[in-house]
Amino acid sequence: MKIKLNIKKIVSTIIWSLLGVGTISILVAAVGKGDKTPCAGCVVKFNRMKDVRFVNETDVLNVLNEFSNPLQGKSIQSFDLKKMETALKSNPWIENANIYVDNSSKLQVVVKEKQPIARLFFTNGNSCYLDSNLKTVPLHADFSARLPVFTGIPNLRKDKSTRDSIFLNQIKNIAIYLKKNDFWMANIDQVNFNPQGNIEMIPKLGNYTILFGDGSAIENKFNNLSEFYYQVLQKKGWNVYSTINVGFENQIVAVRKELSNEKGDSIVTNLSNEK
């Protein structure tokens, strides 16, 4: 009886072993067959900001066609997907690229564009975009993004010094605030850095300059400026003052323009935290 049980156990082990070997063989054959399967086409998808079109499908396909032209019908096994991704990421407007083969043997290409947040004009005459990672992005010949404009930018060091990091973070914080606030985005024509590094804003409406100080307390400064617009400018007019200084905590100092030969005066408006 004991011998019969051992025989059954041995037979059972052999059968399961054969099934395992057969399964592995099928999988290996399937993988080998899959590698040699011809590419059924290419699908390009974009991950990008609204109204930003630095790269299109043709741009992506032109890069991929350098590896195989056409892609369709080429053996999937011959594609070096990592090299393809690297080639796409060499595009100055592409932040990342991911390529994989789906169940229908198509190349799925997901491209993430860089996210510009500001347009920069340097003191040396050059211009570029600044993206959300505080990296400069070149201008595009066929596309111009609608972004906050910053002028008077000094040349940036290649090593991204602490000074440059603080400077670029100020730009980023102001740009993000303007983009989220439709009123200020529509009313601030440009943000300028004077030689002392202080921020000056030029509005679209009125002939005056907003002295903003540094890049701190952004929301509080704009809230105070809104109150001044409501309490003073709407009553006295948009061209009465030459400068409006919001660089002080809960206080605005506005300097009147000179009237004829009279010396201009100034007004100091205190704004409470409740307002």
# chains A, B, ... in the order shown; residues from 1 in each chain; ligands from 1
>>> residues_around(residues="region 130-146 of chain A", least_positions_apart="2", cutoff="7 Å", atoms="only C-alpha atoms", output="list of chain:residue names")
A:Val52, A:Arg53, A:Phe54, A:Pro92, A:Trp93, A:Lys114, A:Gln115, A:Pro116, A:Ile117, A:Ala118, A:Arg119, A:Leu120, A:Cys128, A:Leu168
>>> residues_around(residues="Asn239 (chain A)", least_positions_apart="5", cutoff="8 Å", atoms="only C-alpha atoms", output="mmCIF file with N, CA and C atoms, in the first residue's frame")
data_model
loop_
_atom_site.group_PDB
_atom_site.id
_atom_site.type_symbol
_atom_site.label_atom_id
_atom_site.label_comp_id
_atom_site.auth_asym_id
_atom_site.auth_seq_id
_atom_site.Cartn_x
_atom_site.Cartn_y
_atom_site.Cartn_z
ATOM 1 N N GLY A 206 -3.398 103.618 -16.907
ATOM 2 C CA GLY A 206 -2.796 104.683 -16.122
ATOM 3 C C GLY A 206 -1.317 104.851 -16.419
ATOM 4 N N ASN A 207 -0.816 106.028 -16.071
ATOM 5 C CA ASN A 207 0.589 106.352 -16.323
ATOM 6 C C ASN A 207 1.324 106.513 -14.988
ATOM 7 N N TYR A 208 1.564 105.429 -14.310
ATOM 8 C CA TYR A 208 2.248 105.427 -13.020
ATOM 9 C C TYR A 208 3.013 104.113 -12.870
#
>>> atom_distance(atom1="CA of Lys74 (chain A)", atom2="CA of Val111 (chain A)")
21.8 Å
>>> residues_around(residues="region 63-70 of chain A", least_positions_apart="3", cutoff="8 Å", atoms="only C-alpha atoms", output="PyMOL selection string")
chain A and resi 59-60+73-74+79+84+87-88
>>> select_by_dssp(residues="region 122-203 of chain A", states="alpha helix (DSSP H)", output="ChimeraX atom specification")
/A:162-180,182-187
>>> residues_around(residues="region 40-46 of chain A", least_positions_apart="6", cutoff="9 Å", atoms="only C-alpha atoms", output="PyMOL selection string")
chain A and resi 55-57+60-61+71-74+104-113
